[in-house]
$ cat my_file01.txt   # compact mmCIF, C-alpha atoms
# COMPACT_ATOMS: atom_id res chain seq x y z
CA MET A 18 32.04 -8.19 -2.00
CA THR A 19 33.20 -4.85 -3.42
CA THR A 20 30.63 -2.08 -3.04
CA PRO A 21 29.70 -0.54 -6.42
CA MET A 22 30.94 3.04 -6.81
CA SER A 23 27.93 4.31 -8.75
CA ASN A 24 24.24 3.59 -9.13
CA ALA A 25 24.87 2.77 -12.79
CA ASP A 26 27.47 0.17 -11.80
CA ALA A 27 25.08 -1.32 -9.25
CA ALA A 28 22.25 -1.44 -11.80
CA ALA A 29 24.42 -3.10 -14.45
CA ARG A 30 25.65 -5.71 -12.00
CA ALA A 31 22.07 -6.43 -10.89
CA ARG A 32 20.78 -6.77 -14.46
CA ALA A 33 23.34 -9.51 -15.08
CA VAL A 34 21.71 -11.78 -12.51
CA ILE A 35 18.25 -10.36 -11.65
CA PRO A 36 15.49 -9.90 -14.29
CA GLY A 37 15.45 -6.20 -15.09
CA GLY A 38 17.92 -5.67 -12.27
CA VAL A 39 15.12 -5.42 -9.72
CA ASN A 40 13.05 -7.67 -7.49
CA SER A 41 9.92 -5.53 -7.81
CA PRO A 42 9.20 -3.82 -11.15
CA VAL A 43 8.51 -0.22 -10.12
CA ARG A 44 12.02 0.04 -8.64
CA ALA A 45 13.43 -0.03 -12.18
CA PHE A 46 12.51 3.64 -12.88
CA GLY A 47 10.70 2.43 -16.00
CA SER A 48 8.21 5.28 -16.14
CA VAL A 49 10.56 8.06 -15.08
CA GLY A 50 13.70 6.91 -16.87
CA GLY A 51 17.26 7.22 -15.68
CA THR A 52 19.27 5.00 -13.37
CA PRO A 53 17.52 3.51 -10.36
CA LEU A 54 19.02 4.14 -6.96
CA SER A 55 20.83 1.36 -5.14
CA ILE A 56 20.31 2.02 -1.44
CA VAL A 57 22.77 0.83 1.18
CA SER A 58 21.35 2.39 4.37
CA ALA A 59 18.52 4.44 5.79
CA SER A 60 17.91 6.37 8.97
CA GLY A 61 15.03 8.54 10.04
CA ALA A 62 13.78 10.56 7.07
CA HIS A 63 16.77 9.75 4.85
CA VAL A 64 18.17 7.02 2.61
CA THR A 65 21.76 6.74 1.35
CA ASP A 66 22.79 5.26 -2.00
CA VAL A 67 25.94 3.38 -3.02
CA THR A 68 27.74 6.62 -3.82
CA GLY A 69 27.24 7.85 -0.28
CA ARG A 70 24.71 10.49 -1.32
CA GLN A 71 21.86 11.05 1.09
CA TYR A 72 18.26 11.83 0.09
CA VAL A 73 15.19 12.96 1.98
CA ASP A 74 12.97 9.94 1.40
CA LEU A 75 9.28 10.24 0.48
CA VAL A 76 8.92 6.55 -0.34
CA ALA A 77 9.29 5.18 3.21
CA SER A 78 9.73 1.63 1.89
CA TRP A 79 6.32 2.10 0.18
CA GLY A 80 4.67 2.81 3.49
CA PRO A 81 6.04 0.58 6.28
CA ALA A 82 8.46 3.14 7.70
CA LEU A 83 5.76 5.00 9.62
CA LEU A 84 8.19 5.94 12.40
CA GLY A 85 11.03 6.64 9.99
CA HIS A 86 13.80 4.28 8.91
CA ALA A 87 15.74 2.20 11.43
CA HIS A 88 13.94 3.50 14.50
CA PRO A 89 16.22 2.55 17.41
CA GLU A 90 13.50 0.75 19.39
CA VAL A 91 12.42 -1.28 16.36
CA VAL A 92 16.00 -2.21 15.53
CA LYS A 93 16.61 -3.19 19.14
CA ALA A 94 13.53 -5.43 19.14
CA VAL A 95 14.65 -7.18 15.95
CA GLN A 96 18.20 -7.64 17.23
CA HIS A 97 16.89 -9.15 20.45
CA ALA A 98 14.64 -11.52 18.51
CA ALA A 99 17.49 -12.49 16.18
CA SER A 100 19.69 -13.36 19.13
CA ARG A 101 17.21 -16.10 20.03
CA GLY A 102 16.93 -17.61 16.55
CA LEU A 103 15.80 -16.58 13.09
CA SER A 104 12.97 -19.03 12.49
CA PHE A 105 11.54 -21.99 14.35
CA GLY A 106 8.89 -23.58 12.15
CA ALA A 107 6.69 -23.57 15.24
CA SER A 108 4.32 -21.21 17.02
CA THR A 109 5.73 -18.43 19.21
CA PRO A 110 4.26 -16.26 21.97
CA GLY A 111 5.05 -13.19 19.85
CA GLU A 112 2.58 -14.27 17.17
CA THR A 113 -0.21 -14.41 19.72
CA GLU A 114 0.80 -11.08 21.22
CA LEU A 115 0.73 -9.36 17.84
CA ALA A 116 -2.66 -10.87 16.99
CA GLU A 117 -4.07 -9.73 20.32
CA PHE A 118 -2.68 -6.24 19.80
CA VAL A 119 -4.10 -5.87 16.28
CA ILE A 120 -7.53 -7.23 17.17
CA ASP A 121 -7.75 -4.88 20.14
CA ARG A 122 -6.56 -1.89 18.11
CA LEU A 123 -9.13 -2.34 15.36
CA ARG A 124 -12.14 -1.34 17.35
CA HIS A 125 -14.46 1.64 17.58
CA GLY A 126 -16.41 1.69 20.80
CA ASP A 127 -17.89 -1.79 21.16
CA ARG A 128 -17.45 -2.61 17.47
CA ARG A 129 -14.47 -4.70 16.39
CA ALA A 130 -13.35 -4.87 12.80
CA ILE A 131 -11.91 -8.38 13.28
CA GLU A 132 -12.10 -11.24 15.78
CA ARG A 133 -9.34 -13.57 14.56
CA LEU A 134 -6.05 -12.97 12.74
CA ARG A 135 -3.81 -15.23 10.61
CA LEU A 136 -0.25 -14.06 9.89
CA VAL A 137 1.39 -14.51 6.49
CA SER A 138 4.47 -13.00 4.87
CA THR A 139 3.18 -10.77 2.06
CA GLY A 140 0.18 -8.68 1.12
CA THR A 141 -0.31 -10.91 -1.92
CA GLU A 142 -0.67 -13.92 0.37
CA ALA A 143 -3.12 -12.02 2.55
CA THR A 144 -5.48 -11.02 -0.26
CA MET A 145 -5.18 -14.40 -1.98
CA THR A 146 -6.14 -16.13 1.27
CA ALA A 147 -9.02 -13.74 1.93
CA ILE A 148 -10.47 -14.58 -1.47
CA ARG A 149 -10.02 -18.29 -0.84
CA ILE A 150 -11.93 -17.91 2.43
CA ALA A 151 -14.69 -15.98 0.70
CA ARG A 152 -15.07 -18.65 -1.97
CA GLY A 153 -15.00 -21.39 0.63
CA ALA A 154 -17.61 -19.65 2.76
CA THR A 155 -20.02 -18.86 -0.07
CA GLY A 156 -19.47 -21.73 -2.47
CA ARG A 157 -19.18 -19.13 -5.25
CA ASP A 158 -16.31 -18.34 -7.60
CA VAL A 159 -16.65 -14.80 -8.99
CA ILE A 160 -14.82 -11.83 -7.41
CA VAL A 161 -15.53 -8.13 -7.95
CA LYS A 162 -12.56 -5.75 -7.91
CA PHE A 163 -12.03 -2.17 -9.05
CA ALA A 164 -9.88 -0.86 -11.85
CA GLY A 165 -6.72 0.72 -10.49
CA HIS A 166 -6.87 -1.16 -7.20
CA TYR A 167 -3.85 -3.35 -6.55
CA HIS A 168 -4.25 -6.44 -4.38
CA GLY A 169 -0.95 -8.17 -5.03
CA HIS A 170 0.13 -10.33 -7.93
CA SER A 171 -1.98 -13.47 -7.58
CA ASP A 172 -3.49 -14.59 -10.88
CA GLY A 173 -7.06 -13.50 -10.42
CA LEU A 174 -6.30 -9.99 -9.20
CA LEU A 175 -3.96 -8.55 -11.81
CA ALA A 176 -6.62 -7.32 -14.25
CA GLU A 177 -6.42 -3.53 -14.53
CA SER A 178 -4.42 -3.28 -11.33
CA GLY A 179 -2.58 -0.24 -10.11
CA SER A 180 0.98 -0.08 -8.74
CA GLY A 181 3.58 -1.58 -11.10
CA VAL A 182 0.92 -2.79 -13.53
CA ALA A 183 -0.24 0.80 -14.00
CA THR A 184 3.32 2.10 -14.10
CA LEU A 185 4.23 -0.28 -16.91
CA GLY A 186 0.98 0.37 -18.77
CA LEU A 187 -0.06 -3.29 -18.71
CA PRO A 188 -3.69 -4.49 -18.88
CA GLY A 189 -2.83 -7.45 -16.66
CA SER A 190 -0.17 -10.14 -16.90
CA ALA A 191 0.89 -12.83 -19.31
CA GLY A 192 0.67 -16.26 -17.76
CA VAL A 193 -2.78 -15.79 -16.27
CA PRO A 194 -5.19 -18.35 -17.78
CA ALA A 195 -8.28 -16.84 -19.38
CA ASP A 196 -10.53 -19.06 -17.28
CA ILE A 197 -9.07 -17.58 -14.08
CA ALA A 198 -9.22 -14.01 -15.35
CA ALA A 199 -12.88 -14.54 -16.27
CA LEU A 200 -13.72 -15.09 -12.60
CA THR A 201 -12.79 -11.48 -11.79
CA LEU A 202 -15.20 -8.67 -12.67
CA VAL A 203 -13.37 -5.34 -12.93
CA LEU A 204 -15.56 -2.31 -12.26
CA PRO A 205 -14.94 1.45 -12.24
CA TYR A 206 -14.24 2.73 -8.73
CA ASN A 207 -16.75 4.91 -6.92
CA ASP A 208 -19.48 3.74 -9.32
CA ARG A 209 -22.44 2.43 -7.35
CA ALA A 210 -24.54 1.72 -10.42
CA ALA A 211 -21.80 -0.52 -11.85
CA VAL A 212 -21.70 -2.55 -8.64
CA GLU A 213 -25.45 -3.03 -8.61
CA ALA A 214 -25.42 -3.96 -12.29
CA ALA A 215 -22.71 -6.59 -11.70
CA PHE A 216 -24.79 -8.35 -9.06
CA ALA A 217 -27.86 -8.18 -11.27
CA ALA A 218 -25.94 -9.71 -14.17
CA HIS A 219 -24.38 -12.50 -12.07
CA PRO A 220 -27.03 -13.62 -9.58
CA GLY A 221 -25.74 -16.10 -7.03
CA ARG A 222 -22.24 -16.20 -8.54
CA ILE A 223 -20.31 -13.44 -6.74
CA ALA A 224 -18.37 -14.57 -3.67
CA ALA A 225 -16.96 -11.21 -2.62
CA ILE A 226 -16.13 -7.64 -3.40
CA ILE A 227 -12.52 -6.71 -2.68
CA ALA A 228 -11.47 -3.09 -2.52
CA GLU A 229 -8.60 -1.06 -1.17
CA ALA A 230 -9.94 0.82 1.85
CA SER A 231 -8.78 3.90 -0.02
CA GLY A 232 -7.22 3.45 -3.41
CA ALA A 233 -3.52 4.30 -3.31
CA ASN A 234 -1.94 2.35 -6.16
CA ALA A 235 -3.02 4.44 -9.16
CA GLY A 236 -2.14 7.57 -7.36
CA VAL A 237 -4.54 8.21 -4.51
CA LEU A 238 -8.16 7.30 -5.32
CA ALA A 239 -10.18 8.17 -2.23
CA PRO A 240 -13.57 6.50 -1.77
CA GLU A 241 -16.50 8.85 -1.99
CA PRO A 242 -18.24 9.27 1.39
CA GLY A 243 -20.19 6.14 2.24
CA PHE A 244 -18.86 4.08 -0.67
CA ASN A 245 -17.20 1.41 1.47
CA ARG A 246 -20.33 1.00 3.55
CA PHE A 247 -22.33 0.75 0.32
CA LEU A 248 -20.04 -2.04 -0.87
CA SER A 249 -20.49 -3.92 2.40
CA ASP A 250 -24.26 -3.50 2.39
CA THR A 251 -24.59 -4.47 -1.27
CA ALA A 252 -22.43 -7.56 -0.90
CA HIS A 253 -24.45 -8.72 2.11
CA ALA A 254 -27.76 -8.09 0.34
CA HIS A 255 -26.67 -10.60 -2.30
CA GLY A 256 -25.13 -13.21 0.00
CA ALA A 257 -21.54 -12.14 -0.76
CA LEU A 258 -18.71 -10.90 1.46
CA PHE A 259 -16.80 -7.63 1.53
CA ILE A 260 -13.00 -7.80 1.79
CA LEU A 261 -11.38 -4.56 2.90
CA ASP A 262 -7.78 -4.37 1.71
CA GLU A 263 -5.83 -2.32 4.25
CA VAL A 264 -2.42 -3.65 3.22
CA LEU A 265 -1.36 -0.07 2.51
CA THR A 266 -3.71 2.04 4.64
CA GLY A 267 -3.76 -0.19 7.71
CA PHE A 268 -1.98 1.53 10.63
CA ARG A 269 -0.60 4.06 8.11
CA VAL A 270 -3.47 6.59 7.99
CA GLY A 271 -4.47 6.07 11.61
CA ALA A 272 -4.26 3.70 14.55
CA ALA A 273 -7.22 1.69 13.26
CA GLY A 274 -6.52 2.25 9.58
CA TRP A 275 -8.99 3.69 7.08
CA TRP A 276 -11.82 1.72 8.66
CA GLY A 277 -11.12 3.54 11.91
CA LEU A 278 -11.24 6.92 10.18
CA GLU A 279 -14.62 6.10 8.68
CA GLN A 280 -15.96 4.95 12.05
CA ALA A 281 -14.77 8.18 13.65
CA ALA A 282 -16.60 10.07 10.89
CA GLY A 283 -19.88 8.42 11.90
CA GLN A 284 -20.01 5.57 9.37
CA GLU A 285 -21.00 2.41 11.18
CA TRP A 286 -20.16 -0.75 9.31
CA THR A 287 -17.89 -3.76 9.69
CA PRO A 288 -16.00 -5.63 6.95
CA ASP A 289 -16.17 -9.41 6.72
CA LEU A 290 -12.44 -9.81 6.09
CA VAL A 291 -9.55 -7.34 6.30
CA THR A 292 -6.04 -7.70 4.89
CA PHE A 293 -2.97 -6.02 6.34
CA GLY A 294 0.65 -5.52 5.31
CA LYS A 295 3.33 -2.80 5.21
CA VAL A 296 3.19 -1.11 8.65
CA ILE A 297 2.06 -4.26 10.47
CA GLY A 298 5.53 -5.69 9.86
CA GLY A 299 7.46 -2.52 10.62
CA GLY A 300 9.44 -2.89 7.39
CA MET A 301 9.94 -6.65 7.53
CA PRO A 302 8.05 -9.31 5.53
CA LEU A 303 4.79 -9.69 7.43
CA ALA A 304 1.13 -9.44 6.50
CA ALA A 305 -2.15 -10.75 7.84
CA ILE A 306 -5.79 -11.62 7.21
CA GLY A 307 -8.40 -10.85 9.85
CA GLY A 308 -12.13 -11.28 10.10
CA ARG A 309 -15.10 -12.76 11.88
CA THR A 310 -14.54 -15.91 13.87
CA ASP A 311 -16.83 -18.05 11.73
CA LEU A 312 -15.00 -17.05 8.54
CA MET A 313 -11.47 -17.24 9.90
CA GLU A 314 -12.08 -20.68 11.42
CA LEU A 315 -12.71 -22.02 7.95
CA LEU A 316 -8.92 -21.99 7.67
CA ALA A 317 -6.97 -25.18 8.31
CA PRO A 318 -6.44 -26.78 10.74
CA LEU A 319 -10.00 -26.02 11.89
CA GLY A 320 -11.69 -25.90 8.52
CA PRO A 321 -11.45 -26.96 4.89
CA VAL A 322 -9.79 -23.82 3.47
CA TYR A 323 -6.08 -24.54 3.25
CA GLN A 324 -3.36 -21.95 3.79
CA ALA A 325 0.17 -22.41 5.07
CA GLY A 326 3.55 -20.71 5.16
CA THR A 327 6.90 -21.94 6.45
CA LEU A 328 7.95 -18.43 7.47
CA SER A 329 4.51 -17.12 8.47
CA GLY A 330 4.77 -15.32 11.80
CA ASN A 331 8.55 -15.08 11.52
CA PRO A 332 9.79 -14.01 14.98
CA LEU A 333 11.95 -11.16 13.67
CA ALA A 334 9.09 -9.73 11.60
CA VAL A 335 6.67 -10.10 14.51
CA ALA A 336 9.12 -8.27 16.78
CA ALA A 337 9.44 -5.41 14.28
CA GLY A 338 5.69 -5.18 13.86
CA LEU A 339 4.94 -5.17 17.56
CA ALA A 340 7.59 -2.55 18.29
CA THR A 341 6.30 -0.32 15.49
CA LEU A 342 2.64 -0.57 16.47
CA ARG A 343 3.37 0.02 20.15
CA LEU A 344 5.26 3.20 19.28
CA ALA A 345 2.58 4.40 16.83
CA ASP A 346 0.66 6.55 19.28
CA ALA A 347 -1.49 9.63 18.68
CA GLU A 348 1.57 11.89 18.55
CA VAL A 349 3.13 9.81 15.77
CA TYR A 350 0.00 10.14 13.65
CA ARG A 351 -0.20 13.84 14.41
CA ARG A 352 3.36 14.32 13.15
CA VAL A 353 2.78 12.21 10.03
CA ASP A 354 -0.41 14.11 9.23
CA ALA A 355 1.27 17.48 9.76
CA ALA A 356 4.28 16.58 7.60
CA SER A 357 2.01 15.24 4.87
CA ASP A 358 -0.13 18.37 4.92
CA ALA A 359 2.95 20.57 4.70
CA VAL A 360 4.50 18.75 1.73
CA ALA A 361 1.21 18.41 -0.16
CA THR A 362 0.51 22.12 0.28
CA ALA A 363 4.03 23.11 -0.74
CA ALA A 364 3.91 20.92 -3.84
CA HIS A 365 0.58 22.43 -4.84
CA ASP A 366 1.85 25.97 -4.29
CA ALA A 367 4.99 25.37 -6.33
CA LEU A 368 3.10 23.87 -9.28
CA GLU A 369 0.42 26.56 -9.06
CA ALA A 370 3.08 29.26 -9.22
CA GLU A 371 4.36 27.80 -12.51
CA GLY A 372 0.89 27.41 -13.98
CA VAL A 373 1.11 23.61 -14.15
CA ALA A 374 -2.30 21.93 -14.37
CA HIS A 375 -2.49 19.55 -11.45
CA ILE A 376 -4.54 18.29 -8.58
CA VAL A 377 -3.37 16.89 -5.25
CA SER A 378 -5.41 13.78 -4.44
CA ARG A 379 -5.69 13.15 -0.72
CA ALA A 380 -6.76 10.28 1.53
CA GLY A 381 -5.78 10.94 5.11
CA SER A 382 -2.00 11.33 5.25
CA LEU A 383 -1.65 9.75 1.79
CA PHE A 384 -1.49 11.98 -1.26
CA SER A 385 -0.33 12.02 -4.85
CA ILE A 386 -0.13 14.55 -7.67
CA ALA A 387 -2.06 14.09 -10.90
CA PHE A 388 -1.21 16.40 -13.78
CA ARG A 389 -4.79 17.34 -14.69
CA THR A 390 -7.29 19.92 -13.51
CA ASP A 391 -10.26 17.72 -12.59
CA PRO A 392 -10.49 15.50 -9.51
CA VAL A 393 -9.33 11.89 -9.73
CA ARG A 394 -12.30 9.67 -9.00
CA ASP A 395 -11.36 6.42 -10.72
CA TYR A 396 -8.66 4.68 -12.75
CA ASP A 397 -9.69 6.29 -16.03
CA ASP A 398 -9.26 9.70 -14.41
CA ALA A 399 -5.85 8.69 -13.07
CA ARG A 400 -4.68 7.70 -16.54
CA ALA A 401 -6.12 10.80 -18.19
CA GLN A 402 -3.35 13.16 -17.16
CA GLU A 403 -0.13 14.60 -18.54
CA ALA A 404 1.94 11.92 -16.84
CA PHE A 405 5.03 12.93 -18.83
CA ARG A 406 5.39 15.94 -16.55
CA TYR A 407 6.09 13.70 -13.58
CA ARG A 408 9.32 12.41 -15.13
CA ALA A 409 10.81 15.90 -15.23
CA PHE A 410 9.41 16.72 -11.80
CA PHE A 411 10.79 13.50 -10.29
CA HIS A 412 14.32 13.96 -11.62
CA ALA A 413 14.52 17.60 -10.56
CA MET A 414 13.60 16.53 -7.04
CA LEU A 415 16.10 13.66 -7.15
CA ASP A 416 18.85 16.00 -8.36
CA ALA A 417 18.06 18.19 -5.35
CA GLY A 418 18.36 15.25 -2.97
CA VAL A 419 14.70 14.30 -2.54
CA ALA A 420 13.61 10.74 -3.45
CA LEU A 421 10.01 10.52 -4.63
CA PRO A 422 8.12 7.37 -5.66
CA PRO A 423 9.39 6.60 -9.19
CA SER A 424 5.90 6.58 -10.71
CA VAL A 425 3.05 9.07 -10.94
CA PHE A 426 0.77 6.14 -10.03
CA GLU A 427 2.04 5.85 -6.47
CA ALA A 428 1.26 7.61 -3.22
CA TRP A 429 3.81 9.76 -1.39
CA PHE A 430 4.69 8.71 2.15
CA LEU A 431 5.78 10.90 5.03
CA THR A 432 6.97 9.61 8.39
CA ALA A 433 7.14 10.73 11.98
CA ALA A 434 10.87 11.32 11.41
CA HIS A 435 10.36 14.08 8.82
CA ASP A 436 11.41 16.97 11.02
CA ASP A 437 11.64 20.65 10.11
CA ARG A 438 15.08 20.25 8.56
CA ALA A 439 13.95 17.42 6.27
CA LEU A 440 10.80 19.30 5.30
CA GLU A 441 12.73 22.47 4.52
CA HIS A 442 14.92 20.44 2.17
CA VAL A 443 11.80 19.25 0.34
CA PHE A 444 10.34 22.75 0.21
CA ALA A 445 13.55 24.15 -1.23
CA ALA A 446 13.57 21.55 -4.02
CA LEU A 447 9.97 22.05 -5.15
CA PRO A 448 10.18 25.35 -7.13
CA ALA A 449 12.81 24.03 -9.55
CA ALA A 450 10.90 20.77 -9.90
CA ALA A 451 7.71 22.68 -10.71
CA ARG A 452 9.58 24.64 -13.38
CA ALA A 453 10.86 21.39 -14.85
CA ALA A 454 7.31 20.02 -14.95
CA ALA A 455 6.08 23.19 -16.63
CA SER A 456 8.68 22.95 -19.42
CA ALA A 457 8.34 19.17 -19.92
CA ARG A 458 7.23 17.85 -23.29
CA PRO A 459 5.74 14.43 -24.20

$ encode --input "my_file01.txt" --output "structure tokens"
Amino acid sequence: MTTPMSNADAAARARAVIPGGVNSPVRAFGSVGGTPLSIVSASGAHVTDVTGRQYVDLVASWGPALLGHAHPEVVKAVQHAASRGLSFGASTPGETELAEFVIDRLRHGDRRAIERLRLVSTGTEATMTAIRIARGATGRDVIVKFAGHYHGHSDGLLAESGSGVATLGLPGSAGVPADIAALTLVLPYNDRAAVEAAFAAHPGRIAAIIAEASGANAGVLAPEPGFNRFLSDTAHAHGALFILDEVLTGFRVGAAGWWGLEQAAGQEWTPDLVTFGKVIGGGMPLAAIGGRTDLMELLAPLGPVYQAGTLSGNPLAVAAGLATLRLADAEVYRRVDAASDAVATAAHDALEAEGVAHIVSRAGSLFSIAFRTDPVRDYDDARAQEAFRYRAFFHAMLDAGVALPPSVFEAWFLTAAHDDRALEHVFAALPAAARAAASARP
């Protein structure tokens, strides 16, 4: 196969055989315009496109590259696993080892977030299965979710989602039957009264609340202090479950995810079910559902809730996940936090210097920029901004060799590989990008 000589050539070739030329919509640069990058390699803090141009990467594969791209120890672990076979269709010791590691890591003192873990291949599978467990456990059908929270692309969870749904300005998705959509109640985030009203209006019908541990798919939407515990307590008071979606935040914002940060801050509560993805697979297709023993053992073959996957627990993905999590020590999180703080501060300073109305929304090491003056508390706030400014900002950064998420509705990701040289490159690009944002017009 001849390597395309330009990103435009690569995009045109892809569009001839792949819908929209992409296998995940936000990659198409739909909200920022221009030609999407076609990446051929990545290492550390950088990615390289088909033209051979290198960029400082602030996408990090949408989160999984916590250590940086192609970390030598992770690559070595995958190569060793591949040498023994790509897939067996049978259980492996590595699956058990990863489950043991994750269960042990998600603890605070004597409190464990989960007791059992089931591996799947995608975050969508994880959240879909968690909801199936919740419905099986409660005998109820209705699910509560929050506007702007993205839980994958299963039918019942696409209403007012973030991520690509927000980027494309869609209310949901065609092809979702009205009867299925009606089983999902979409509420404004951080609104306690709305949650209480939903339970009052649907007594005995709600199986579970599902929420991102911290919203990060409509830009960053951090939970107000105590909100997650409130959701857990409220669900339990009405005989429902609370599903904590840590597909994005799990092992990204800390060793025990967002739940661990809240426990360290003195909030004592435990979710019923937790979903994982992104970092848990170290950049390979791997996700998981965890929870209490009684709930997780409702899954087949022990119980009546069916879930299966031919490639679930794939040995290469398990090897990548284990290697990544073992290397993700306190120093890694310190470096990620420091790099994130530095870039967020520099972006704010550059935009402030040009008089651009903006706010930097933060949730641990995750952050995003919203082009408005007031804080972003929910999805309506996220949409009420001068999003057109991001297009100019994005392309100025790209022209300077810095790859940002191609949507204002996505979080920025730093890695442990973003050293001083990479950060200085980002800092140098920001003033011109801020000027571009200042002069942008709708």

$ residues_near_point --input "my_file01.txt" --point "(-18.6, -9.6, -7.4)" --cutoff "6 Å" --atoms "only C-alpha atoms" --output "PDB file with C-alpha atoms, in the frame of the given file"
ATOM      1  CA  VAL A 159     -16.650 -14.800  -8.990  1.00  0.00           C
ATOM      2  CA  ILE A 160     -14.820 -11.830  -7.410  1.00  0.00           C
ATOM      3  CA  VAL A 161     -15.530  -8.130  -7.950  1.00  0.00           C
ATOM      4  CA  ILE A 223     -20.310 -13.440  -6.740  1.00  0.00           C
ATOM      5  CA  ALA A 225     -16.960 -11.210  -2.620  1.00  0.00           C
ATOM      6  CA  ILE A 226     -16.130  -7.640  -3.400  1.00  0.00           C
TER       7      ILE A 226
END

$ residues_around --input "my_file01.txt" --residues "Ala45 of chain A" --least-positions-apart "2" --cutoff "12 Å" --atoms "only C-alpha atoms" --output "ChimeraX atom specification"
/A:24-25,28-29,31-32,35-43,47-55,181,184-185,422-424

$ closest_atom_pairs --input "my_file01.txt" --of "segment 82-185 of chain A" --to "segment 282-299 of chain A" --cutoff "12 Å" --atoms "only C-alpha atoms" --output "tab-separated table"
residue	atom	partner	partner_atom	distance
A:Ala82	CA	A:Gly299	CA	6.4
A:Leu83	CA	A:Val296	CA	6.7
A:Leu84	CA	A:Gly299	CA	8.7
A:Gly85	CA	A:Gly299	CA	9.9
A:His86	CA	A:Gly299	CA	9.5
A:Ala87	CA	A:Gly299	CA	9.6
A:His88	CA	A:Gly299	CA	9.7
A:Glu90	CA	A:Gly299	CA	11.1
A:Val91	CA	A:Gly299	CA	7.7
A:Val92	CA	A:Gly299	CA	9.9
A:Ala94	CA	A:Gly299	CA	10.9
A:Val95	CA	A:Gly299	CA	10.1
A:Glu112	CA	A:Gly298	CA	11.7
A:Leu115	CA	A:Ile297	CA	9.1
A:Ala116	CA	A:Ile297	CA	10.4
A:Phe118	CA	A:Ile297	CA	10.7
A:Val119	CA	A:Ile297	CA	8.6
A:Ile120	CA	A:Val291	CA	11.1
A:Arg122	CA	A:Ile297	CA	11.8
A:Leu123	CA	A:Val291	CA	10.4
A:Arg124	CA	A:Thr287	CA	9.9
A:His125	CA	A:Glu285	CA	9.2
A:Gly126	CA	A:Glu285	CA	10.7
A:Asp127	CA	A:Glu285	CA	11.3
A:Arg128	CA	A:Thr287	CA	7.9
A:Arg129	CA	A:Thr287	CA	7.6
A:Ala130	CA	A:Thr287	CA	5.6
A:Ile131	CA	A:Leu290	CA	7.3
A:Glu132	CA	A:Leu290	CA	9.8
A:Arg133	CA	A:Leu290	CA	9.8
A:Leu134	CA	A:Val291	CA	9.2
A:Arg135	CA	A:Thr292	CA	9.7
A:Leu136	CA	A:Phe293	CA	9.2
A:Val137	CA	A:Gly294	CA	9.1
A:Ser138	CA	A:Gly294	CA	8.4
A:Thr139	CA	A:Gly294	CA	6.7
A:Gly140	CA	A:Gly294	CA	5.3
A:Thr141	CA	A:Gly294	CA	9.1
A:Glu142	CA	A:Thr292	CA	9.4
A:Ala143	CA	A:Thr292	CA	5.7
A:Thr144	CA	A:Thr292	CA	6.2
A:Met145	CA	A:Thr292	CA	9.6
A:Thr146	CA	A:Thr292	CA	9.2
A:Ala147	CA	A:Leu290	CA	6.7
A:Ile148	CA	A:Leu290	CA	9.2
A:Arg149	CA	A:Leu290	CA	11.2
A:Ile150	CA	A:Leu290	CA	8.9
A:Ala151	CA	A:Leu290	CA	8.5
A:Ala154	CA	A:Asp289	CA	11.1
A:His168	CA	A:Thr292	CA	9.5
A:Gly169	CA	A:Gly294	CA	10.8

$ residues_around --input "my_file01.txt" --residues "Ala457 of chain A" --least-positions-apart "5" --cutoff "10 Å" --atoms "only C-alpha atoms" --output "ChimeraX atom specification"
/A:403,405-410,451-452

$ write_last_selection --input "my_file01.txt" --atoms "C-alpha atoms" --output "compact mmCIF listing (two decimals), keeping the file's coordinate frame"
# COMPACT_ATOMS: atom_id res chain seq x y z
CA GLU A 403 -0.13 14.60 -18.54
CA PHE A 405 5.03 12.93 -18.83
CA ARG A 406 5.39 15.94 -16.55
CA TYR A 407 6.09 13.70 -13.58
CA ARG A 408 9.32 12.41 -15.13
CA ALA A 409 10.81 15.90 -15.23
CA PHE A 410 9.41 16.72 -11.80
CA ALA A 451 7.71 22.68 -10.71
CA ARG A 452 9.58 24.64 -13.38

$ axis_aligned_box --input "my_file01.txt" --around "segment 223-231 of chain A" --padding-each-side "6 Å" --output "lines of an AutoDock Vina configuration file"
center_x = -14.5
center_y = -5.3
center_z = -2.4
size_x = 23.7
size_y = 30.5
size_z = 20.6
